[in-house]
Amino acid sequence: MEVWTPHSTGLDVSWNEVPNGYKNGVIRGYKVQYTEMTDNGSIEIEDLEPWKRSLSITGLKKFTLYNITVLAYTSKGDGVSCTEVIMTDQDGMFDKKLRSRYPMKHFARCLL
């Protein structure tokens, strides 16, 4: 899984297909869960088709920590999840040219 900040109020998430030896049936889709890392952060869940491998999340708060979780699911239920924590940046914090060439990226080491 890879998560990066294309701009101050958004995150882009991408992941790989579940390897064949780790599938527990036919993959029916992927769930991407994201929540602000505060005591009262609401949990948002996006349910995506099985061929999708990325999601752009917009409308987030600037300079805020978010917990991002991705998992695949089958008819038997949810699979193992992959989680990453990343902070959105703040407008003006980085030069726009620099941000577009070198966005802040985080990589999670897991199956997705």
# chains A, B, ... in the order shown; residues from 1 in each chain; ligands from 1
call {"tool": "residues_around", "arguments": {"residues": "range 48-58 of chain A", "least_positions_apart": "6", "cutoff": "9 Å", "atoms": "only C-alpha atoms", "output": "list in words"}}
result
Thr9, Gly10, Leu11, Asp12, Val13, Ser14, Trp15, Asn16, Glu17, Ile27, Arg28, Gly29, Tyr30, Lys31, Val32, Tyr34, Ala72 and Tyr73 of chain A
call {"tool": "write_last_selection", "arguments": {"atoms": "N, CA and C atoms", "output": "CSV table (one decimal), in the first residue's frame"}}
result
chain,number,residue,atom,x,y,z
A,9,THR,N,-5.4,19.1,1.3
A,9,THR,CA,-6.7,18.6,1.8
A,9,THR,C,-7.0,17.3,1.2
A,10,GLY,N,-6.0,16.6,0.7
A,10,GLY,CA,-6.3,15.3,0.1
A,10,GLY,C,-5.2,14.3,0.3
A,11,LEU,N,-5.6,13.0,0.1
A,11,LEU,CA,-4.6,11.9,0.1
A,11,LEU,C,-5.0,11.0,-1.0
A,12,ASP,N,-3.9,10.4,-1.6
A,12,ASP,CA,-4.1,9.4,-2.7
A,12,ASP,C,-3.6,8.1,-2.1
A,13,VAL,N,-4.3,7.0,-2.3
A,13,VAL,CA,-4.0,5.7,-1.8
A,13,VAL,C,-4.0,4.7,-2.9
A,14,SER,N,-3.0,3.9,-3.0
A,14,SER,CA,-2.9,2.8,-4.0
A,14,SER,C,-2.4,1.5,-3.3
A,15,TRP,N,-2.8,0.4,-3.9
A,15,TRP,CA,-2.4,-0.9,-3.4
A,15,TRP,C,-2.3,-1.9,-4.5
A,16,ASN,N,-1.7,-3.0,-4.2
A,16,ASN,CA,-1.6,-4.1,-5.1
A,16,ASN,C,-2.7,-5.1,-4.9
A,17,GLU,N,-2.9,-6.0,-5.9
A,17,GLU,CA,-3.8,-7.1,-5.8
A,17,GLU,C,-3.3,-8.1,-4.7
A,27,ILE,N,-12.1,-12.4,-4.7
A,27,ILE,CA,-12.1,-11.0,-4.2
A,27,ILE,C,-13.4,-10.3,-4.7
A,28,ARG,N,-14.2,-9.8,-3.8
A,28,ARG,CA,-15.5,-9.1,-4.2
A,28,ARG,C,-15.3,-7.6,-4.3
A,29,GLY,N,-14.2,-7.1,-3.6
A,29,GLY,CA,-14.0,-5.7,-3.6
A,29,GLY,C,-12.9,-5.3,-2.6
A,30,TYR,N,-12.7,-4.0,-2.4
A,30,TYR,CA,-11.7,-3.5,-1.5
A,30,TYR,C,-12.5,-2.4,-0.6
A,31,LYS,N,-12.1,-2.4,0.6
A,31,LYS,CA,-12.6,-1.3,1.5
A,31,LYS,C,-11.4,-0.4,1.9
A,32,VAL,N,-11.6,0.9,1.8
A,32,VAL,CA,-10.7,1.8,2.2
A,32,VAL,C,-11.3,2.6,3.4
A,34,TYR,N,-10.8,5.5,6.3
A,34,TYR,CA,-10.0,6.6,6.8
A,34,TYR,C,-10.6,7.4,7.9
A,72,ALA,N,-9.1,-6.3,1.4
A,72,ALA,CA,-9.9,-7.0,0.4
A,72,ALA,C,-10.9,-7.8,1.1
A,73,TYR,N,-12.1,-8.0,0.5
A,73,TYR,CA,-13.1,-8.9,1.1
A,73,TYR,C,-13.6,-9.9,0.0
call {"tool": "residues_around", "arguments": {"residues": "Thr83 in chain A", "least_positions_apart": "2", "cutoff": "8 Å", "atoms": "only C-alpha atoms", "output": "list in words"}}
result
Asn67, Ile68, Thr69, Val70, Ser81, Val85 and Ala108 of chain A
call {"tool": "residues_around", "arguments": {"residues": "Val18 in chain A", "least_positions_apart": "4", "cutoff": "10 Å", "atoms": "only C-alpha atoms", "output": "number ranges by chain"}}
result
A: 22-24, 27, 71-72, 79-80, 110-112
call {"tool": "select_by_dssp", "arguments": {"residues": "range 10-87 of chain A", "states": "strand (DSSP E)", "output": "compact mmCIF listing (two decimals) with N, CA and C atoms, in the first residue's frame"}}
result
# COMPACT_ATOMS: atom_id res chain seq x y z
N GLY A 10 -6.01 16.55 0.70
CA GLY A 10 -6.29 15.28 0.07
C GLY A 10 -5.20 14.25 0.26
N LEU A 11 -5.58 13.00 0.10
CA LEU A 11 -4.65 11.89 0.14
C LEU A 11 -4.96 10.97 -1.03
N ASP A 12 -3.92 10.41 -1.63
CA ASP A 12 -4.08 9.39 -2.66
C ASP A 12 -3.58 8.08 -2.09
N VAL A 13 -4.35 7.03 -2.28
CA VAL A 13 -4.02 5.70 -1.75
C VAL A 13 -4.00 4.73 -2.93
N SER A 14 -2.97 3.88 -2.99
CA SER A 14 -2.94 2.82 -4.00
C SER A 14 -2.45 1.54 -3.34
N GLY A 29 -14.21 -7.13 -3.62
CA GLY A 29 -13.96 -5.69 -3.60
C GLY A 29 -12.92 -5.33 -2.56
N TYR A 30 -12.68 -4.04 -2.44
CA TYR A 30 -11.74 -3.50 -1.46
C TYR A 30 -12.45 -2.44 -0.64
N LYS A 31 -12.11 -2.38 0.64
CA LYS A 31 -12.62 -1.33 1.52
C LYS A 31 -11.45 -0.45 1.92
N VAL A 32 -11.65 0.86 1.78
CA VAL A 32 -10.67 1.84 2.25
C VAL A 32 -11.34 2.62 3.36
N GLN A 33 -10.75 2.54 4.54
CA GLN A 33 -11.28 3.23 5.71
C GLN A 33 -10.31 4.34 6.08
N TYR A 34 -10.83 5.52 6.35
CA TYR A 34 -9.96 6.61 6.79
C TYR A 34 -10.63 7.38 7.91
N THR A 35 -9.82 7.79 8.86
CA THR A 35 -10.33 8.52 10.01
C THR A 35 -9.27 9.49 10.51
N GLU A 36 -9.74 10.63 10.96
CA GLU A 36 -8.87 11.61 11.58
C GLU A 36 -8.42 11.06 12.92
N ILE A 43 -15.33 7.79 11.25
CA ILE A 43 -14.75 6.79 10.35
C ILE A 43 -15.51 6.83 9.04
N GLU A 44 -14.78 6.99 7.95
CA GLU A 44 -15.37 6.97 6.62
C GLU A 44 -14.90 5.70 5.92
N ILE A 45 -15.80 5.02 5.22
CA ILE A 45 -15.44 3.78 4.52
C ILE A 45 -15.89 3.89 3.07
N GLU A 46 -14.96 3.65 2.17
CA GLU A 46 -15.25 3.60 0.73
C GLU A 46 -15.20 2.14 0.31
N ASP A 47 -16.24 1.67 -0.36
CA ASP A 47 -16.32 0.29 -0.85
C ASP A 47 -16.08 0.33 -2.36
N LEU A 48 -15.01 -0.32 -2.82
CA LEU A 48 -14.59 -0.23 -4.22
C LEU A 48 -14.68 -1.57 -4.94
N SER A 54 -6.83 2.05 -6.53
CA SER A 54 -6.45 3.36 -5.99
C SER A 54 -7.69 4.15 -5.63
N LEU A 55 -7.49 5.16 -4.78
CA LEU A 55 -8.56 6.05 -4.35
C LEU A 55 -7.97 7.41 -4.02
N SER A 56 -8.60 8.47 -4.50
CA SER A 56 -8.25 9.83 -4.11
C SER A 56 -9.27 10.29 -3.08
N ILE A 57 -8.79 10.68 -1.92
CA ILE A 57 -9.65 11.15 -0.83
C ILE A 57 -9.49 12.67 -0.75
N LEU A 65 -3.35 14.45 11.13
CA LEU A 65 -3.01 13.03 11.02
C LEU A 65 -4.25 12.22 10.68
N TYR A 66 -4.09 11.30 9.71
CA TYR A 66 -5.16 10.39 9.32
C TYR A 66 -4.65 8.95 9.35
N ASN A 67 -5.54 8.06 9.76
CA ASN A 67 -5.28 6.63 9.75
C ASN A 67 -5.99 6.07 8.52
N ILE A 68 -5.23 5.42 7.61
CA ILE A 68 -5.77 4.86 6.38
C ILE A 68 -5.64 3.34 6.45
N THR A 69 -6.72 2.62 6.20
CA THR A 69 -6.70 1.16 6.21
C THR A 69 -7.32 0.64 4.92
N VAL A 70 -6.66 -0.34 4.30
CA VAL A 70 -7.17 -0.99 3.09
C VAL A 70 -7.27 -2.48 3.35
N LEU A 71 -8.36 -3.08 2.89
CA LEU A 71 -8.50 -4.54 2.97
C LEU A 71 -9.33 -5.03 1.80
N ALA A 72 -9.09 -6.27 1.43
CA ALA A 72 -9.90 -6.95 0.41
C ALA A 72 -10.94 -7.79 1.14
N TYR A 73 -12.06 -8.04 0.46
CA TYR A 73 -13.06 -8.91 1.06
C TYR A 73 -13.62 -9.89 0.03
N THR A 74 -14.09 -11.01 0.55
CA THR A 74 -14.71 -12.06 -0.26
C THR A 74 -16.11 -12.32 0.28
N GLY A 77 -16.08 -12.82 4.02
CA GLY A 77 -15.84 -11.71 4.94
C GLY A 77 -14.58 -10.93 4.59
N ASP A 78 -14.19 -10.08 5.53
CA ASP A 78 -13.03 -9.21 5.34
C ASP A 78 -11.73 -9.97 5.49
N GLY A 79 -10.75 -9.55 4.69
CA GLY A 79 -9.41 -10.12 4.79
C GLY A 79 -8.54 -9.32 5.74
N VAL A 80 -7.27 -9.65 5.75
CA VAL A 80 -6.31 -8.95 6.60
C VAL A 80 -6.16 -7.52 6.09
N SER A 81 -6.07 -6.57 7.01
CA SER A 81 -5.97 -5.17 6.61
C SER A 81 -4.53 -4.68 6.62
N CYS A 82 -4.32 -3.59 5.91
CA CYS A 82 -3.03 -2.91 5.84
C CYS A 82 -3.29 -1.47 6.26
N THR A 83 -2.52 -0.94 7.21
CA THR A 83 -2.79 0.38 7.78
C THR A 83 -1.55 1.27 7.70
N GLU A 84 -1.79 2.55 7.45
CA GLU A 84 -0.72 3.56 7.43
C GLU A 84 -1.27 4.84 8.05
N VAL A 85 -0.41 5.57 8.74
CA VAL A 85 -0.77 6.87 9.30
C VAL A 85 0.02 7.92 8.53
N ILE A 86 -0.67 8.98 8.09
CA ILE A 86 -0.02 10.04 7.32
C ILE A 86 -0.65 11.38 7.70
N MET A 87 0.13 12.44 7.57
CA MET A 87 -0.36 13.78 7.87
C MET A 87 -0.52 14.57 6.57
call {"tool": "select_by_dssp", "arguments": {"residues": "chain A", "states": "helix (DSSP H, G or I)", "output": "ChimeraX atom specification"}}
result
/A:20-22,96-101
call {"tool": "closest_residue", "arguments": {"among": "A:Gly59, A:Gly25, A:Pro6, A:Pro19", "to": "Lys76 in chain A", "atoms": "only C-alpha atoms"}}
result
A:Gly25
call {"tool": "closest_residue", "arguments": {"among": "A:Gly21, A:Val26, A:Val3, A:Asn40", "to": "Ser75 in chain A", "atoms": "only C-alpha atoms"}}
result
A:Val26
call {"tool": "atom_distance", "arguments": {"atom1": "CA of Asp89 in chain A", "atom2": "CA of Lys62 in chain A"}}
result
5.8 Å
call {"tool": "decode", "arguments": {"residues": "range 12-50 of chain A", "atoms": "N, CA and C atoms", "output": "PDB file, in the first residue's frame"}}
result
ATOM      1  N   ASP A  12      -3.923  10.412  -1.634  1.00  0.00           N
ATOM      2  CA  ASP A  12      -4.084   9.392  -2.661  1.00  0.00           C
ATOM      3  C   ASP A  12      -3.577   8.077  -2.088  1.00  0.00           C
ATOM      4  N   VAL A  13      -4.350   7.027  -2.275  1.00  0.00           N
ATOM      5  CA  VAL A  13      -4.024   5.703  -1.753  1.00  0.00           C
ATOM      6  C   VAL A  13      -3.997   4.733  -2.930  1.00  0.00           C
ATOM      7  N   SER A  14      -2.973   3.881  -2.991  1.00  0.00           N
ATOM      8  CA  SER A  14      -2.945   2.819  -3.997  1.00  0.00           C
ATOM      9  C   SER A  14      -2.449   1.538  -3.343  1.00  0.00           C
ATOM     10  N   TRP A  15      -2.812   0.417  -3.944  1.00  0.00           N
ATOM     11  CA  TRP A  15      -2.444  -0.884  -3.380  1.00  0.00           C
ATOM     12  C   TRP A  15      -2.343  -1.903  -4.501  1.00  0.00           C
ATOM     13  N   ASN A  16      -1.726  -3.022  -4.190  1.00  0.00           N
ATOM     14  CA  ASN A  16      -1.591  -4.119  -5.139  1.00  0.00           C
ATOM     15  C   ASN A  16      -2.699  -5.132  -4.927  1.00  0.00           C
ATOM     16  N   GLU A  17      -2.892  -5.982  -5.911  1.00  0.00           N
ATOM     17  CA  GLU A  17      -3.834  -7.087  -5.792  1.00  0.00           C
ATOM     18  C   GLU A  17      -3.333  -8.053  -4.720  1.00  0.00           C
ATOM     19  N   VAL A  18      -4.242  -8.711  -4.042  1.00  0.00           N
ATOM     20  CA  VAL A  18      -3.876  -9.719  -3.048  1.00  0.00           C
ATOM     21  C   VAL A  18      -3.205 -10.880  -3.787  1.00  0.00           C
ATOM     22  N   PRO A  19      -2.024 -11.313  -3.338  1.00  0.00           N
ATOM     23  CA  PRO A  19      -1.359 -12.448  -3.998  1.00  0.00           C
ATOM     24  C   PRO A  19      -2.233 -13.707  -3.954  1.00  0.00           C
ATOM     25  N   ASN A  20      -2.153 -14.519  -5.002  1.00  0.00           N
ATOM     26  CA  ASN A  20      -3.000 -15.713  -5.123  1.00  0.00           C
ATOM     27  C   ASN A  20      -2.963 -16.622  -3.896  1.00  0.00           C
ATOM     28  N   GLY A  21      -1.828 -16.829  -3.298  1.00  0.00           N
ATOM     29  CA  GLY A  21      -1.723 -17.723  -2.153  1.00  0.00           C
ATOM     30  C   GLY A  21      -2.396 -17.201  -0.894  1.00  0.00           C
ATOM     31  N   TYR A  22      -2.829 -15.928  -0.911  1.00  0.00           N
ATOM     32  CA  TYR A  22      -3.422 -15.309   0.274  1.00  0.00           C
ATOM     33  C   TYR A  22      -4.901 -14.992   0.105  1.00  0.00           C
ATOM     34  N   LYS A  23      -5.467 -15.294  -1.048  1.00  0.00           N
ATOM     35  CA  LYS A  23      -6.892 -15.060  -1.266  1.00  0.00           C
ATOM     36  C   LYS A  23      -7.685 -16.183  -0.605  1.00  0.00           C
ATOM     37  N   ASN A  24      -8.776 -15.820   0.014  1.00  0.00           N
ATOM     38  CA  ASN A  24      -9.649 -16.815   0.647  1.00  0.00           C
ATOM     39  C   ASN A  24     -10.958 -16.861  -0.135  1.00  0.00           C
ATOM     40  N   GLY A  25     -10.839 -17.095  -1.437  1.00  0.00           N
ATOM     41  CA  GLY A  25     -11.994 -17.080  -2.319  1.00  0.00           C
ATOM     42  C   GLY A  25     -11.834 -15.978  -3.356  1.00  0.00           C
ATOM     43  N   VAL A  26     -12.917 -15.661  -4.042  1.00  0.00           N
ATOM     44  CA  VAL A  26     -12.907 -14.626  -5.071  1.00  0.00           C
ATOM     45  C   VAL A  26     -13.017 -13.256  -4.402  1.00  0.00           C
ATOM     46  N   ILE A  27     -12.095 -12.353  -4.748  1.00  0.00           N
ATOM     47  CA  ILE A  27     -12.125 -11.004  -4.184  1.00  0.00           C
ATOM     48  C   ILE A  27     -13.352 -10.278  -4.733  1.00  0.00           C
ATOM     49  N   ARG A  28     -14.223  -9.839  -3.834  1.00  0.00           N
ATOM     50  CA  ARG A  28     -15.459  -9.139  -4.228  1.00  0.00           C
ATOM     51  C   ARG A  28     -15.266  -7.627  -4.277  1.00  0.00           C
ATOM     52  N   GLY A  29     -14.208  -7.130  -3.618  1.00  0.00           N
ATOM     53  CA  GLY A  29     -13.955  -5.691  -3.602  1.00  0.00           C
ATOM     54  C   GLY A  29     -12.924  -5.332  -2.558  1.00  0.00           C
ATOM     55  N   TYR A  30     -12.684  -4.037  -2.444  1.00  0.00           N
ATOM     56  CA  TYR A  30     -11.744  -3.500  -1.460  1.00  0.00           C
ATOM     57  C   TYR A  30     -12.450  -2.435  -0.636  1.00  0.00           C
ATOM     58  N   LYS A  31     -12.108  -2.380   0.638  1.00  0.00           N
ATOM     59  CA  LYS A  31     -12.622  -1.326   1.517  1.00  0.00           C
ATOM     60  C   LYS A  31     -11.449  -0.446   1.916  1.00  0.00           C
ATOM     61  N   VAL A  32     -11.646   0.860   1.782  1.00  0.00           N
ATOM     62  CA  VAL A  32     -10.668   1.839   2.248  1.00  0.00           C
ATOM     63  C   VAL A  32     -11.337   2.620   3.363  1.00  0.00           C
ATOM     64  N   GLN A  33     -10.749   2.537   4.538  1.00  0.00           N
ATOM     65  CA  GLN A  33     -11.280   3.230   5.710  1.00  0.00           C
ATOM     66  C   GLN A  33     -10.313   4.339   6.075  1.00  0.00           C
ATOM     67  N   TYR A  34     -10.831   5.523   6.347  1.00  0.00           N
ATOM     68  CA  TYR A  34      -9.960   6.607   6.794  1.00  0.00           C
ATOM     69  C   TYR A  34     -10.633   7.377   7.914  1.00  0.00           C
ATOM     70  N   THR A  35      -9.819   7.788   8.860  1.00  0.00           N
ATOM     71  CA  THR A  35     -10.330   8.522  10.009  1.00  0.00           C
ATOM     72  C   THR A  35      -9.274   9.492  10.513  1.00  0.00           C
ATOM     73  N   GLU A  36      -9.743  10.632  10.956  1.00  0.00           N
ATOM     74  CA  GLU A  36      -8.866  11.611  11.580  1.00  0.00           C
ATOM     75  C   GLU A  36      -8.423  11.059  12.921  1.00  0.00           C
ATOM     76  N   MET A  37      -7.142  11.204  13.232  1.00  0.00           N
ATOM     77  CA  MET A  37      -6.600  10.631  14.460  1.00  0.00           C
ATOM     78  C   MET A  37      -6.838  11.569  15.646  1.00  0.00           C
ATOM     79  N   THR A  38      -8.119  11.745  15.987  1.00  0.00           N
ATOM     80  CA  THR A  38      -8.508  12.514  17.163  1.00  0.00           C
ATOM     81  C   THR A  38      -9.497  11.662  17.945  1.00  0.00           C
ATOM     82  N   ASP A  39      -9.833  12.123  19.122  1.00  0.00           N
ATOM     83  CA  ASP A  39     -10.779  11.370  19.946  1.00  0.00           C
ATOM     84  C   ASP A  39     -12.159  11.276  19.309  1.00  0.00           C
ATOM     85  N   ASN A  40     -12.539  12.284  18.526  1.00  0.00           N
ATOM     86  CA  ASN A  40     -13.887  12.293  17.960  1.00  0.00           C
ATOM     87  C   ASN A  40     -13.878  12.188  16.438  1.00  0.00           C
ATOM     88  N   GLY A  41     -12.794  11.669  15.855  1.00  0.00           N
ATOM     89  CA  GLY A  41     -12.723  11.526  14.403  1.00  0.00           C
ATOM     90  C   GLY A  41     -13.720  10.493  13.895  1.00  0.00           C
ATOM     91  N   SER A  42     -14.523  10.873  12.908  1.00  0.00           N
ATOM     92  CA  SER A  42     -15.502   9.926  12.361  1.00  0.00           C
ATOM     93  C   SER A  42     -14.801   8.985  11.378  1.00  0.00           C
ATOM     94  N   ILE A  43     -15.326   7.793  11.251  1.00  0.00           N
ATOM     95  CA  ILE A  43     -14.755   6.786  10.354  1.00  0.00           C
ATOM     96  C   ILE A  43     -15.515   6.833   9.036  1.00  0.00           C
ATOM     97  N   GLU A  44     -14.780   6.991   7.955  1.00  0.00           N
ATOM     98  CA  GLU A  44     -15.367   6.974   6.615  1.00  0.00           C
ATOM     99  C   GLU A  44     -14.896   5.696   5.917  1.00  0.00           C
ATOM    100  N   ILE A  45     -15.796   5.018   5.218  1.00  0.00           N
ATOM    101  CA  ILE A  45     -15.445   3.780   4.521  1.00  0.00           C
ATOM    102  C   ILE A  45     -15.887   3.889   3.068  1.00  0.00           C
ATOM    103  N   GLU A  46     -14.955   3.653   2.169  1.00  0.00           N
ATOM    104  CA  GLU A  46     -15.249   3.600   0.734  1.00  0.00           C
ATOM    105  C   GLU A  46     -15.203   2.137   0.310  1.00  0.00           C
ATOM    106  N   ASP A  47     -16.240   1.668  -0.362  1.00  0.00           N
ATOM    107  CA  ASP A  47     -16.323   0.293  -0.853  1.00  0.00           C
ATOM    108  C   ASP A  47     -16.082   0.335  -2.361  1.00  0.00           C
ATOM    109  N   LEU A  48     -15.007  -0.322  -2.825  1.00  0.00           N
ATOM    110  CA  LEU A  48     -14.589  -0.227  -4.223  1.00  0.00           C
ATOM    111  C   LEU A  48     -14.676  -1.566  -4.940  1.00  0.00           C
ATOM    112  N   GLU A  49     -14.854  -1.502  -6.250  1.00  0.00           N
ATOM    113  CA  GLU A  49     -14.925  -2.683  -7.091  1.00  0.00           C
ATOM    114  C   GLU A  49     -13.600  -3.456  -7.035  1.00  0.00           C
ATOM    115  N   PRO A  50     -13.630  -4.767  -7.332  1.00  0.00           N
ATOM    116  CA  PRO A  50     -12.426  -5.589  -7.199  1.00  0.00           C
ATOM    117  C   PRO A  50     -11.298  -5.230  -8.165  1.00  0.00           C
TER     118      PRO A  50
END
